[in-house]
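Peer 1: Take a look at protein.cif, mmCIF, C-alpha atoms and all ligand atoms:
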```
data_entry
loop_
_atom_site.group_PDB
_atom_site.id
_atom_site.type_symbol
_atom_site.label_atom_id
_atom_site.label_comp_id
_atom_site.auth_asym_id
_atom_site.auth_seq_id
_atom_site.Cartn_x
_atom_site.Cartn_y
_atom_site.Cartn_z
ATOM 1 C CA MET A 16 40.677 -3.568 -0.544
ATOM 2 C CA PRO A 17 37.988 -6.179 0.224
ATOM 3 C CA SER A 18 35.037 -6.697 -2.092
ATOM 4 C CA LEU A 19 31.440 -6.073 -1.053
ATOM 5 C CA ILE A 20 30.702 -9.793 -1.068
ATOM 6 C CA GLU A 21 33.622 -10.488 1.283
ATOM 7 C CA ILE A 22 32.507 -7.713 3.585
ATOM 8 C CA LEU A 23 28.943 -8.991 3.602
ATOM 9 C CA THR A 24 30.038 -12.527 4.432
ATOM 10 C CA GLN A 25 32.242 -11.356 7.320
ATOM 11 C CA SER A 26 29.469 -9.119 8.649
ATOM 12 C CA GLU A 27 26.945 -11.918 8.417
ATOM 13 C CA HIS A 28 29.184 -14.175 10.543
ATOM 14 C CA PHE A 29 29.774 -11.415 13.058
ATOM 15 C CA LEU A 30 26.059 -10.623 13.395
ATOM 16 C CA LYS A 31 25.178 -14.309 13.680
ATOM 17 C CA SER A 32 27.701 -14.672 16.494
ATOM 18 C CA LYS A 33 25.831 -11.852 18.287
ATOM 19 C CA GLY A 34 22.541 -13.725 18.004
ATOM 20 C CA ILE A 35 21.017 -11.686 15.180
ATOM 21 C CA LEU A 36 18.692 -14.040 13.301
ATOM 22 C CA ALA A 37 18.393 -12.176 9.992
ATOM 23 C CA ALA A 38 22.154 -11.540 9.919
ATOM 24 C CA ARG A 39 22.623 -11.606 6.144
ATOM 25 C CA LEU A 40 19.566 -9.473 5.450
ATOM 26 C CA ASP A 41 20.569 -6.905 8.054
ATOM 27 C CA ALA A 42 24.117 -6.708 6.663
ATOM 28 C CA GLU A 43 22.734 -6.171 3.171
ATOM 29 C CA LEU A 44 20.276 -3.516 4.317
ATOM 30 C CA LEU A 45 23.001 -1.633 6.181
ATOM 31 C CA LEU A 46 25.348 -1.773 3.224
ATOM 32 C CA SER A 47 22.605 -0.676 0.816
ATOM 33 C CA GLN A 48 21.863 2.279 3.076
ATOM 34 C CA LEU A 49 25.518 3.306 3.302
ATOM 35 C CA LEU A 50 26.151 3.034 -0.426
ATOM 36 C CA ARG A 51 22.712 4.459 -1.357
ATOM 37 C CA TYR A 52 21.964 1.378 -3.439
ATOM 38 C CA ASN A 53 18.723 -0.514 -3.554
ATOM 39 C CA ARG A 54 19.220 -4.228 -2.913
ATOM 40 C CA LEU A 55 19.230 -5.095 -6.605
ATOM 41 C CA SER A 56 22.022 -2.595 -7.323
ATOM 42 C CA LEU A 57 23.895 -4.002 -4.355
ATOM 43 C CA TYR A 58 23.796 -7.484 -5.906
ATOM 44 C CA LEU A 59 25.045 -6.064 -9.206
ATOM 45 C CA HIS A 60 28.043 -4.508 -7.428
ATOM 46 C CA LEU A 61 29.022 -7.416 -5.181
ATOM 47 C CA ASN A 62 32.456 -7.751 -6.753
ATOM 48 C CA ASP A 63 33.304 -4.059 -6.402
ATOM 49 C CA ASN A 64 35.929 -3.157 -3.850
ATOM 50 C CA MET A 65 35.074 -0.951 -0.907
ATOM 51 C CA GLU A 66 37.097 2.139 -0.081
ATOM 52 C CA GLY A 67 38.691 2.419 3.334
ATOM 53 C CA HIS A 68 36.638 5.345 4.668
ATOM 54 C CA LEU A 69 33.366 3.620 3.699
ATOM 55 C CA LEU A 70 34.597 0.371 5.183
ATOM 56 C CA SER A 71 35.164 1.946 8.586
ATOM 57 C CA GLN A 72 31.718 3.585 8.474
ATOM 58 C CA PHE A 73 30.189 0.237 7.618
ATOM 59 C CA GLN A 74 32.063 -1.539 10.407
ATOM 60 C CA HIS A 75 30.668 1.033 12.820
ATOM 61 C CA MET A 76 27.120 0.355 11.589
ATOM 62 C CA VAL A 77 27.582 -3.412 11.886
ATOM 63 C CA SER A 78 29.035 -3.142 15.367
ATOM 64 C CA ARG A 79 26.007 -1.059 16.451
ATOM 65 C CA ARG A 80 23.724 -3.783 15.101
ATOM 66 C CA GLY A 81 25.907 -6.387 16.853
ATOM 67 C CA SER A 82 25.150 -4.657 20.149
ATOM 68 C CA ARG A 83 21.454 -5.256 19.291
ATOM 69 C CA GLU A 84 20.605 -1.687 18.334
ATOM 70 C CA PRO A 85 17.505 -1.887 16.094
ATOM 71 C CA LEU A 86 18.277 -1.779 12.394
ATOM 72 C CA GLN A 87 15.831 1.118 11.959
ATOM 73 C CA TYR A 88 17.790 3.414 14.314
ATOM 74 C CA ILE A 89 21.016 2.686 12.438
ATOM 75 C CA VAL A 90 19.444 3.173 9.017
ATOM 76 C CA GLY A 91 17.669 6.195 10.501
ATOM 77 C CA GLU A 92 14.346 5.891 8.742
ATOM 78 C CA VAL A 93 11.336 3.631 8.252
ATOM 79 C CA ASP A 94 8.465 3.542 5.835
ATOM 80 C CA PHE A 95 5.162 4.231 7.546
ATOM 81 C CA HIS A 96 2.074 4.211 5.405
ATOM 82 C CA GLY A 97 4.054 5.385 2.380
ATOM 83 C CA LEU A 98 5.837 8.156 4.299
ATOM 84 C CA SER A 99 9.538 8.210 5.048
ATOM 85 C CA ILE A 100 9.756 8.631 8.809
ATOM 86 C CA ALA A 101 13.096 9.453 10.433
ATOM 87 C CA VAL A 102 13.586 7.596 13.695
ATOM 88 C CA ASP A 103 16.099 7.930 16.498
ATOM 89 C CA ARG A 104 16.335 6.792 20.089
ATOM 90 C CA ASN A 105 13.967 9.513 21.268
ATOM 91 C CA VAL A 106 11.051 7.887 19.491
ATOM 92 C CA LEU A 107 9.440 4.481 19.249
ATOM 93 C CA ILE A 108 9.949 2.727 15.932
ATOM 94 C CA PRO A 109 6.510 2.715 14.285
ATOM 95 C CA ARG A 110 4.973 -0.770 14.308
ATOM 96 C CA HIS A 111 2.959 -2.498 11.654
ATOM 97 C CA GLU A 112 -0.102 -2.643 13.932
ATOM 98 C CA THR A 113 -0.086 1.127 14.066
ATOM 99 C CA GLU A 114 -0.218 1.249 10.270
ATOM 100 C CA GLU A 115 -3.228 -1.029 10.548
ATOM 101 C CA LEU A 116 -4.879 1.470 12.886
ATOM 102 C CA VAL A 117 -4.333 4.203 10.302
ATOM 103 C CA ASP A 118 -5.777 1.901 7.611
ATOM 104 C CA ILE A 119 -8.883 1.224 9.673
ATOM 105 C CA ILE A 120 -9.415 4.920 10.312
ATOM 106 C CA ILE A 121 -9.039 5.763 6.654
ATOM 107 C CA SER A 122 -11.408 3.019 5.561
ATOM 108 C CA ARG A 123 -14.042 3.933 8.141
ATOM 109 C CA PHE A 124 -13.789 7.701 8.212
ATOM 110 C CA GLY A 125 -12.007 8.555 4.965
ATOM 111 C CA ASN A 126 -15.138 9.972 3.350
ATOM 112 C CA ARG A 127 -16.258 12.000 6.348
ATOM 113 C CA PRO A 128 -15.648 15.726 6.619
ATOM 114 C CA ILE A 129 -13.010 15.422 9.338
ATOM 115 C CA GLY A 130 -11.841 18.963 10.172
ATOM 116 C CA SER A 131 -9.576 18.412 13.151
ATOM 117 C CA ILE A 132 -7.482 15.549 14.445
ATOM 118 C CA LEU A 133 -5.475 15.227 17.638
ATOM 119 C CA ASP A 134 -2.608 12.718 17.882
ATOM 120 C CA LEU A 135 -1.704 12.116 21.527
ATOM 121 C CA GLY A 136 1.850 10.942 22.239
ATOM 122 C CA THR A 137 2.901 11.354 18.638
ATOM 123 C CA GLY A 138 6.547 10.236 19.041
ATOM 124 C CA SER A 139 8.040 10.256 15.540
ATOM 125 C CA GLY A 140 4.824 11.869 14.266
ATOM 126 C CA ALA A 141 3.968 8.774 12.230
ATOM 127 C CA ILE A 142 0.223 8.587 12.986
ATOM 128 C CA GLY A 143 -0.361 12.342 12.817
ATOM 129 C CA LEU A 144 1.527 12.657 9.541
ATOM 130 C CA ALA A 145 -0.202 9.694 7.902
ATOM 131 C CA LEU A 146 -3.583 11.170 8.855
ATOM 132 C CA ALA A 147 -2.529 14.670 7.766
ATOM 133 C CA LYS A 148 -1.748 13.179 4.382
ATOM 134 C CA HIS A 149 -5.005 11.278 4.045
ATOM 135 C CA PHE A 150 -7.168 14.077 5.427
ATOM 136 C CA PRO A 151 -5.570 17.054 3.639
ATOM 137 C CA LYS A 152 -8.384 19.381 4.670
ATOM 138 C CA ALA A 153 -8.020 18.535 8.345
ATOM 139 C CA ASN A 154 -5.875 20.425 10.812
ATOM 140 C CA VAL A 155 -3.821 17.974 12.800
ATOM 141 C CA LEU A 156 -2.383 18.725 16.222
ATOM 142 C CA ALA A 157 0.254 16.271 17.409
ATOM 143 C CA VAL A 158 1.444 16.408 21.003
ATOM 144 C CA ASP A 159 4.047 14.636 23.054
ATOM 145 C CA THR A 160 5.515 15.112 26.484
ATOM 146 C CA SER A 161 9.029 14.745 25.069
ATOM 147 C CA GLN A 162 10.547 17.824 23.449
ATOM 148 C CA ASN A 163 13.159 15.620 21.787
ATOM 149 C CA ALA A 164 10.508 13.408 20.222
ATOM 150 C CA LEU A 165 8.758 16.508 18.891
ATOM 151 C CA LEU A 166 11.978 17.690 17.220
ATOM 152 C CA THR A 167 12.067 14.404 15.324
ATOM 153 C CA ALA A 168 8.345 14.642 14.529
ATOM 154 C CA GLN A 169 8.781 18.180 13.209
ATOM 155 C CA LYS A 170 11.679 17.041 11.067
ATOM 156 C CA ASN A 171 9.375 14.383 9.671
ATOM 157 C CA ALA A 172 6.698 16.934 8.788
ATOM 158 C CA ILE A 173 9.285 18.875 6.784
ATOM 159 C CA ARG A 174 10.720 15.712 5.268
ATOM 160 C CA ASN A 175 7.258 14.766 4.002
ATOM 161 C CA ARG A 176 6.221 18.341 3.119
ATOM 162 C CA MET A 177 3.184 18.205 5.366
ATOM 163 C CA ALA A 178 1.741 21.625 6.166
ATOM 164 C CA ASN A 179 -1.548 20.762 7.888
ATOM 165 C CA ILE A 180 0.054 19.515 11.096
ATOM 166 C CA ARG A 181 1.435 21.355 14.098
ATOM 167 C CA PHE A 182 3.208 20.131 17.177
ATOM 168 C CA MET A 183 3.051 21.028 20.836
ATOM 169 C CA VAL A 184 4.521 19.809 24.112
ATOM 170 C CA SER A 185 1.766 18.376 26.251
ATOM 171 C CA ASP A 186 1.426 15.596 28.778
ATOM 172 C CA TRP A 187 -1.602 13.964 27.134
ATOM 173 C CA LEU A 188 -4.311 16.670 27.074
ATOM 174 C CA GLU A 189 -2.774 18.980 29.655
ATOM 175 C CA ASN A 190 -1.948 21.877 27.276
ATOM 176 C CA VAL A 191 -4.522 21.065 24.609
ATOM 177 C CA ASP A 192 -7.334 23.500 23.799
ATOM 178 C CA GLY A 193 -10.036 23.128 21.213
ATOM 179 C CA ILE A 194 -12.420 20.480 19.992
ATOM 180 C CA PHE A 195 -11.456 17.621 17.679
ATOM 181 C CA ASP A 196 -13.432 15.373 15.360
ATOM 182 C CA MET A 197 -10.991 12.582 15.976
ATOM 183 C CA ILE A 198 -8.528 11.858 18.760
ATOM 184 C CA ILE A 199 -6.075 9.072 18.201
ATOM 185 C CA SER A 200 -3.293 7.602 20.258
ATOM 186 C CA ASN A 201 -0.832 4.765 20.443
ATOM 187 C CA PRO A 202 -0.022 5.190 24.121
ATOM 188 C CA PRO A 203 2.344 3.058 26.202
ATOM 189 C CA TYR A 204 0.441 -0.082 27.132
ATOM 190 C CA LEU A 205 2.907 -2.864 27.975
ATOM 191 C CA THR A 206 2.918 -4.236 31.511
ATOM 192 C CA ASP A 207 6.186 -4.389 33.475
ATOM 193 C CA LYS A 208 6.108 -8.157 33.038
ATOM 194 C CA GLU A 209 5.646 -7.943 29.268
ATOM 195 C CA PHE A 210 8.532 -5.488 29.094
ATOM 196 C CA GLU A 211 10.800 -7.955 30.924
ATOM 197 C CA ASN A 212 10.233 -10.412 28.087
ATOM 198 C CA VAL A 213 10.716 -8.162 25.059
ATOM 199 C CA GLN A 214 13.766 -8.597 22.860
ATOM 200 C CA ASP A 215 16.970 -6.694 23.627
ATOM 201 C CA GLU A 216 16.474 -4.386 20.642
ATOM 202 C CA ILE A 217 13.385 -2.974 22.320
ATOM 203 C CA LYS A 218 14.471 -3.237 25.947
ATOM 204 C CA LYS A 219 17.880 -1.637 25.565
ATOM 205 C CA PHE A 220 17.202 0.980 22.901
ATOM 206 C CA GLU A 221 13.600 2.140 22.565
ATOM 207 C CA PRO A 222 12.201 4.749 24.969
ATOM 208 C CA LYS A 223 10.666 2.784 27.839
ATOM 209 C CA CYS A 224 8.285 5.634 28.632
ATOM 210 C CA ALA A 225 6.658 5.107 25.216
ATOM 211 C CA LEU A 226 6.150 1.406 25.880
ATOM 212 C CA VAL A 227 5.332 0.669 29.507
ATOM 213 C CA ALA A 228 2.485 2.048 31.571
ATOM 214 C CA LYS A 229 1.624 1.610 35.241
ATOM 215 C CA ASN A 230 -1.477 -0.215 36.412
ATOM 216 C CA ASN A 231 -0.822 -3.295 34.260
ATOM 217 C CA GLY A 232 -0.217 -1.175 31.183
ATOM 218 C CA LEU A 233 -3.547 0.625 31.565
ATOM 219 C CA ALA A 234 -2.660 3.872 33.361
ATOM 220 C CA ASP A 235 -2.171 6.032 30.278
ATOM 221 C CA ILE A 236 -5.097 4.531 28.390
ATOM 222 C CA PHE A 237 -7.361 5.267 31.384
ATOM 223 C CA LYS A 238 -5.966 8.790 31.666
ATOM 224 C CA ILE A 239 -6.750 9.443 28.000
ATOM 225 C CA ILE A 240 -10.247 7.947 28.201
ATOM 226 C CA SER A 241 -11.124 9.931 31.305
ATOM 227 C CA THR A 242 -9.902 13.266 29.932
ATOM 228 C CA THR A 243 -10.632 13.377 26.182
ATOM 229 C CA GLY A 244 -14.390 13.913 26.519
ATOM 230 C CA ARG A 245 -14.130 17.703 26.807
ATOM 231 C CA SER A 246 -11.937 17.885 23.669
ATOM 232 C CA LEU A 247 -14.024 15.638 21.445
ATOM 233 C CA ALA A 248 -16.717 16.940 19.076
ATOM 234 C CA LYS A 249 -20.223 15.639 19.698
ATOM 235 C CA ASP A 250 -19.916 12.937 17.052
ATOM 236 C CA GLY A 251 -16.196 12.526 17.513
ATOM 237 C CA VAL A 252 -14.276 9.321 17.887
ATOM 238 C CA LEU A 253 -11.422 8.333 20.166
ATOM 239 C CA ALA A 254 -9.284 5.615 18.548
ATOM 240 C CA LEU A 255 -6.617 3.812 20.561
ATOM 241 C CA GLU A 256 -4.034 1.136 20.008
ATOM 242 C CA THR A 257 -3.925 -1.126 23.061
ATOM 243 C CA GLY A 258 -2.472 -4.291 24.491
ATOM 244 C CA SER A 259 -4.188 -7.498 23.460
ATOM 245 C CA PHE A 260 -5.459 -8.500 26.918
ATOM 246 C CA GLN A 261 -6.862 -5.151 27.923
ATOM 247 C CA HIS A 262 -10.182 -4.775 26.168
ATOM 248 C CA GLU A 263 -12.442 -6.045 28.942
ATOM 249 C CA SER A 264 -10.848 -3.707 31.465
ATOM 250 C CA ILE A 265 -11.003 -0.813 29.016
ATOM 251 C CA ALA A 266 -14.671 -1.489 28.178
ATOM 252 C CA SER A 267 -15.602 -1.517 31.820
ATOM 253 C CA PHE A 268 -13.632 1.665 32.589
ATOM 254 C CA ALA A 269 -14.853 3.505 29.481
ATOM 255 C CA LYS A 270 -18.497 2.932 30.435
ATOM 256 C CA ASN A 271 -18.275 5.961 32.693
ATOM 257 C CA TYR A 272 -17.138 8.257 29.877
ATOM 258 C CA PHE A 273 -18.419 7.014 26.509
ATOM 259 C CA GLY A 274 -21.700 5.675 25.167
ATOM 260 C CA LYS A 275 -20.175 3.250 22.778
ATOM 261 C CA PHE A 276 -17.164 0.927 22.821
ATOM 262 C CA GLU A 277 -15.844 -1.192 19.979
ATOM 263 C CA SER A 278 -13.017 -3.679 20.072
ATOM 264 C CA MET A 279 -11.155 -4.510 16.878
ATOM 265 C CA ASP A 280 -8.505 -7.093 16.160
ATOM 266 C CA ASP A 281 -5.210 -6.615 14.364
ATOM 267 C CA LEU A 282 -4.292 -8.783 11.390
ATOM 268 C CA SER A 283 -2.819 -11.435 13.673
ATOM 269 C CA GLY A 284 -6.224 -11.806 15.302
ATOM 270 C CA LYS A 285 -5.364 -10.103 18.604
ATOM 271 C CA ASN A 286 -7.544 -7.479 20.299
ATOM 272 C CA ARG A 287 -5.574 -4.370 19.395
ATOM 273 C CA PHE A 288 -7.731 -1.331 18.725
ATOM 274 C CA VAL A 289 -10.477 0.411 20.606
ATOM 275 C CA PHE A 290 -12.950 2.920 19.198
ATOM 276 C CA LEU A 291 -14.947 5.047 21.601
ATOM 277 C CA GLN A 292 -17.788 7.369 20.719
ATOM 278 C CA ASN A 293 -20.475 9.246 22.513
ATOM 279 C CA ASN A 294 -23.068 9.286 19.854
ATOM 280 C CA THR A 295 -24.177 5.954 18.444
ATOM 281 C CA LYS A 296 -25.877 7.683 15.498
ATOM 282 C CA PHE A 297 -22.431 8.487 14.110
ATOM 283 C CA ARG A 298 -21.941 4.870 13.146
ATOM 284 C CA LEU A 299 -23.457 4.128 9.739
ATOM 285 C CA PRO A 300 -24.410 0.596 8.662
ATOM 286 C CA SER A 301 -21.560 0.752 6.134
ATOM 287 C CA ASP A 302 -19.153 0.912 9.078
ATOM 288 C CA ILE A 303 -20.113 -2.524 10.215
ATOM 289 C CA ASN A 304 -17.942 -5.297 8.892
ATOM 290 C CA ASP A 305 -16.935 -8.747 9.992
ATOM 291 C CA SER A 306 -13.861 -7.658 11.864
ATOM 292 C CA THR A 307 -15.938 -5.370 14.064
ATOM 293 C CA LEU A 308 -16.754 -7.010 17.365
ATOM 294 C CA PRO A 309 -18.977 -4.701 19.315
ATOM 295 C CA LEU A 310 -18.814 -5.198 23.051
ATOM 296 C CA SER A 311 -22.033 -3.529 23.981
ATOM 297 C CA PHE A 312 -22.641 -1.917 27.369
ATOM 298 C CA ASN A 313 -26.366 -2.392 27.272
HETATM 299 N N1 LIG B 1 3.352 -2.893 20.180
HETATM 300 C C1 LIG B 1 4.506 -2.391 20.853
HETATM 301 C C2 LIG B 1 5.423 -3.525 21.244
HETATM 302 O O1 LIG B 1 4.976 -4.604 21.485
HETATM 303 C C3 LIG B 1 4.102 -1.591 22.068
HETATM 304 C C4 LIG B 1 3.729 -0.234 21.638
HETATM 305 C C5 LIG B 1 3.113 0.546 22.736
HETATM 306 O O2 LIG B 1 3.292 0.303 23.933
HETATM 307 N N2 LIG B 1 2.385 1.506 22.337
HETATM 308 O O3 LIG B 1 6.624 -3.352 21.305
#
```
For the file at hand, write its structure as structure tokens.
Ligand code: GLN

Peer 2:
Amino acid sequence: MPSLIEILTQSEHFLKSKGILAARLDAELLLSQLLRYNRLSLYLHLNDNMEGHLLSQFQHMVSRRGSREPLQYIVGEVDFHGLSIAVDRNVLIPRHETEELVDIIISRFGNRPIGSILDLGTGSGAIGLALAKHFPKANVLAVDTSQNALLTAQKNAIRNRMANIRFMVSDWLENVDGIFDMIISNPPYLTDKEFENVQDEIKKFEPKCALVAKNNGLADIFKIISTTGRSLAKDGVLALETGSFQHESIASFAKNYFGKFESMDDLSGKNRFVFLQNNTKFRLPSDINDSTLPLSFN
């Protein structure tokens, strides 16, 4: 029986030969997941031998990674804003930028009496669940056009014991009734050209419909902007994650639907988030900080 260290070394070489850059790290993370060790325990057990049935399970995991399947799908879960979110090929793997969007919302609106939140295109449920946790008094509705994605999202609500969220099939706002204090979405926004250049992990395994939108990546964003008005409370806010070259087009399109547009950068300094509101009075001076770059219409 081979030892864990021998298995790790072989797996590292195999993954390297498949072009995986963080080969050693990935092998360690997969082995930790299989053996239910944290990485420190793994290091303490490196000289242990591995039983045959575990070895074949591990080889299967490593060969999946070798075919460029994202580590997160093989491990089956990711941390998102302190929640354990199960992920599978029906849902996009939550990105760090999307955690940033949740952070911004919490820091700007965390003290407001937010009663209702709508998460459009929820996928794994990550945004809706993180907001359900941070706004425990709010009712969250999370919708997606994919029934399979919603099954994963529902599983995640149970996994995180979140009771103030419900799920519904809807193509953006099509089946949505009611008025919301906050509508949030991380819609598909990549252009076809951008998609051509993404790494194999994304291109071959993540749901393309959650990534790419027509009209240079803007079709779904425009659809949301042009249809959310009727579902937004008077002082409500529409918060979107977007592509980094889209804010001028979005500002000019949104002019017809919203009184106020704000562009915000992500931590890497790229235009990434858009906040739209009807009522400028909703914005208190305390909301204004250095990372806020208002692109005024007037
Ligand atoms: N930020 C994601 C990526 O670059 C795209 C997510 C999205 O389209 N909503 O892979």

Peer 1: Name the residues in contact with A:Gly274 at a cut-off of 7 Å, using all atoms listed in the file, excluding same-chain residues fewer than 2 positions from it; report them as an MDAnalysis selection string.

Peer 2: chainID A and resid 270 276 292:294

Peer 1: Could those residues be written to a file, using C-alpha atoms, as a compact mmCIF listing (two decimals), in the coordinates of the input?

Peer 2:
```txt
# COMPACT_ATOMS: atom_id res chain seq x y z
CA LYS A 270 -18.50 2.93 30.44
CA PHE A 276 -17.16 0.93 22.82
CA GLN A 292 -17.79 7.37 20.72
CA ASN A 293 -20.48 9.25 22.51
CA ASN A 294 -23.07 9.29 19.85
```

Peer 1: Restrict the calculation to all atoms listed in the file, then for each residue of chain A with any atom at most 7 Å from an atom of ligand LIG 1 (chain B) give the closest atom pair and their distance in Å to one decimal, rows by chain and rising residue number, as a Markdown table.

Peer 2:
```
| residue | atom | partner | partner_atom | distance |
| --- | --- | --- | --- | --- |
| A:Arg110 | CA | B:LIG1 | N1 | 6.5 |
| A:Asn201 | CA | B:LIG1 | N2 | 5.0 |
| A:Pro202 | CA | B:LIG1 | N2 | 4.7 |
| A:Pro203 | CA | B:LIG1 | O2 | 3.7 |
| A:Tyr204 | CA | B:LIG1 | O2 | 4.3 |
| A:Leu205 | CA | B:LIG1 | O2 | 5.1 |
| A:Ile217 | CA | B:LIG1 | O3 | 6.8 |
| A:Ala225 | CA | B:LIG1 | O2 | 6.0 |
| A:Leu226 | CA | B:LIG1 | O2 | 3.6 |
| A:Val227 | CA | B:LIG1 | O2 | 5.9 |
| A:Glu256 | CA | B:LIG1 | N2 | 6.8 |
| A:Thr257 | CA | B:LIG1 | N2 | 6.9 |
```

Peer 1: I want to know what sits within 9 Å of A:Asp207, based on only C-alpha atoms, with residues of the same chain fewer than 3 positions away left out; could you give that as number ranges by chain?

Peer 2: A: 210-211, 227-229, 231-232

Peer 1: Please, could you write that set of residues out with C-alpha atoms as a PDB file, keeping the file's coordinate frame?

Peer 2:
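Okay, this is what ended up in selection-v2.pdb:
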```pdb
ATOM      1  CA  PHE A 210       8.532  -5.488  29.094  1.00  0.00           C
ATOM      2  CA  GLU A 211      10.800  -7.955  30.924  1.00  0.00           C
ATOM      3  CA  VAL A 227       5.332   0.669  29.507  1.00  0.00           C
ATOM      4  CA  ALA A 228       2.485   2.048  31.571  1.00  0.00           C
ATOM      5  CA  LYS A 229       1.624   1.610  35.241  1.00  0.00           C
ATOM      6  CA  ASN A 231      -0.822  -3.295  34.260  1.00  0.00           C
ATOM      7  CA  GLY A 232      -0.217  -1.175  31.183  1.00  0.00           C
TER       8      GLY A 232
END
```

Peer 1: Can you pull out every residue within 8 Å of stretch 94-105 of chain A, counting only C-alpha atoms, but drop anything in the same chain fewer than 2 positions away, and send it as a ChimeraX atom specification?

Peer 2: /A:87-88,91-92,107-109,114,138-139,141,145,163-164,167,170-171,174-175,220-222

Peer 1: Once 3 Å is added on each side, what centre and edge lengths in Å to one decimal does the axis-aligned box around all listed atoms of stretch 195-204 of chain A have, as JSON?

Peer 2:
```
{"center_x": -5.5, "center_y": 8.8, "center_z": 21.2, "size_x": 21.8, "size_y": 23.7, "size_z": 17.8}
```

Peer 1: Give me the residues near A:Arg181 as number ranges by chain, where near means some atom within 8 Å (using only C-alpha atoms) and where sequence neighbours in that chain fewer than 5 positions away do not count.

Peer 2: A: 155-157

Peer 1: Check which residues satisfy the PyMOL selection byres (((chain A and resi 161) around 10) and not hetatm) in the file shown, then give them as an mmCIF file with C-alpha atoms, in the coordinates of the input.

Peer 2:
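Writing the result to part.cif gives the following:
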```cif
data_model
loop_
_atom_site.group_PDB
_atom_site.id
_atom_site.type_symbol
_atom_site.label_atom_id
_atom_site.label_comp_id
_atom_site.auth_asym_id
_atom_site.auth_seq_id
_atom_site.Cartn_x
_atom_site.Cartn_y
_atom_site.Cartn_z
ATOM 1 C CA ASN A 105 13.967 9.513 21.268
ATOM 2 C CA VAL A 106 11.051 7.887 19.491
ATOM 3 C CA GLY A 136 1.850 10.942 22.239
ATOM 4 C CA THR A 137 2.901 11.354 18.638
ATOM 5 C CA GLY A 138 6.547 10.236 19.041
ATOM 6 C CA VAL A 158 1.444 16.408 21.003
ATOM 7 C CA ASP A 159 4.047 14.636 23.054
ATOM 8 C CA THR A 160 5.515 15.112 26.484
ATOM 9 C CA GLN A 162 10.547 17.824 23.449
ATOM 10 C CA ASN A 163 13.159 15.620 21.787
ATOM 11 C CA ALA A 164 10.508 13.408 20.222
ATOM 12 C CA LEU A 165 8.758 16.508 18.891
ATOM 13 C CA LEU A 166 11.978 17.690 17.220
ATOM 14 C CA MET A 183 3.051 21.028 20.836
ATOM 15 C CA VAL A 184 4.521 19.809 24.112
ATOM 16 C CA SER A 185 1.766 18.376 26.251
ATOM 17 C CA ASP A 186 1.426 15.596 28.778
ATOM 18 C CA CYS A 224 8.285 5.634 28.632
ATOM 19 C CA ALA A 225 6.658 5.107 25.216
#
```

Peer 1: Do you know which residues are at most 10 Å from A:Lys152 counting all atoms listed in the file, after dropping those on the same chain fewer than 3 positions away, and could you put them as an MDAnalysis selection string?

Peer 2: chainID A and resid 128:131 147:149 155 179

Peer 1: Looking at A:Phe290, A:Ser71, A:Gln48, A:Leu116, which one is nearest to A:Val93, with distances taken over only C-alpha atoms?

Peer 2: A:Gln48

Peer 1: Just say which residues the PyMOL selection byres (((chain A and resi 251) around 12) and not hetatm) picks in this file, as a PyMOL selection string.

Peer 2: chain A and resi 124+127-133+194-199+243-250+252-254+273-275+290-298

Peer 1: Would you mind listing, for every residue of stretch 83-111 of chain A within 12 Å of stretch 36-43 of chain A, the two atoms forming the shortest contact and the distance between them in Å to one decimal, using all atoms listed in the file, sorted by chain and ascending residue number, as a Markdown table?

Peer 2:
```
| residue | atom | partner | partner_atom | distance |
| --- | --- | --- | --- | --- |
| A:Arg83 | CA | A:Leu36 | CA | 11.0 |
| A:Glu84 | CA | A:Asp41 | CA | 11.5 |
| A:Pro85 | CA | A:Asp41 | CA | 10.0 |
| A:Leu86 | CA | A:Asp41 | CA | 7.1 |
| A:Gln87 | CA | A:Asp41 | CA | 10.1 |
| A:Ile89 | CA | A:Asp41 | CA | 10.6 |
| A:Val90 | CA | A:Asp41 | CA | 10.2 |
```

Peer 1: Take the residues from that selection and put them in a file with C-alpha atoms, as a short mmCIF file (atom, residue, chain, number, x, y, z; two decimals), in the coordinates of the input.

Peer 2:
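Resulting contents of part_15.cif:
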```
data_model
loop_
_atom_site.label_atom_id
_atom_site.label_comp_id
_atom_site.auth_asym_id
_atom_site.auth_seq_id
_atom_site.Cartn_x
_atom_site.Cartn_y
_atom_site.Cartn_z
CA ARG A 83 21.45 -5.26 19.29
CA GLU A 84 20.60 -1.69 18.33
CA PRO A 85 17.50 -1.89 16.09
CA LEU A 86 18.28 -1.78 12.39
CA GLN A 87 15.83 1.12 11.96
CA ILE A 89 21.02 2.69 12.44
CA VAL A 90 19.44 3.17 9.02
#
```

Peer 1: What is the distance between atom CA of A:Leu19 and atom CA of A:Asp215, in Å to one decimal?

Peer 2: 28.6 Å

Peer 1: With only C-alpha atoms as the atoms that count, which of A:Asn126, A:Asn271, A:Ser18, A:Ser241 lies nearest to A:Met65?

Peer 2: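 The closest residue to A:Met65 is A:Ser18.
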
Peer 1: Taking (29.4, -7.1, 5.8) as a centre in this file's frame and 10 Å as the limit, can you find every polymer residue with an atom that close, using only C-alpha atoms, and give them as a list in words?

Peer 2: Ser18, Leu19, Ile20, Glu21, Ile22, Leu23, Thr24, Gln25, Ser26, Glu27, His28, Phe29, Leu30, Ala38, Arg39, Asp41, Ala42, Glu43, Leu44, Leu45, Leu46, Leu70, Phe73, Gln74, Met76 and Val77 of chain A

Peer 1: For atom CA of A:Ala168 and atom CA of A:Glu209, quote the distance in Å rounded to one decimal.

Peer 2: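 Here the two named atoms are 27.1 Å from each other.
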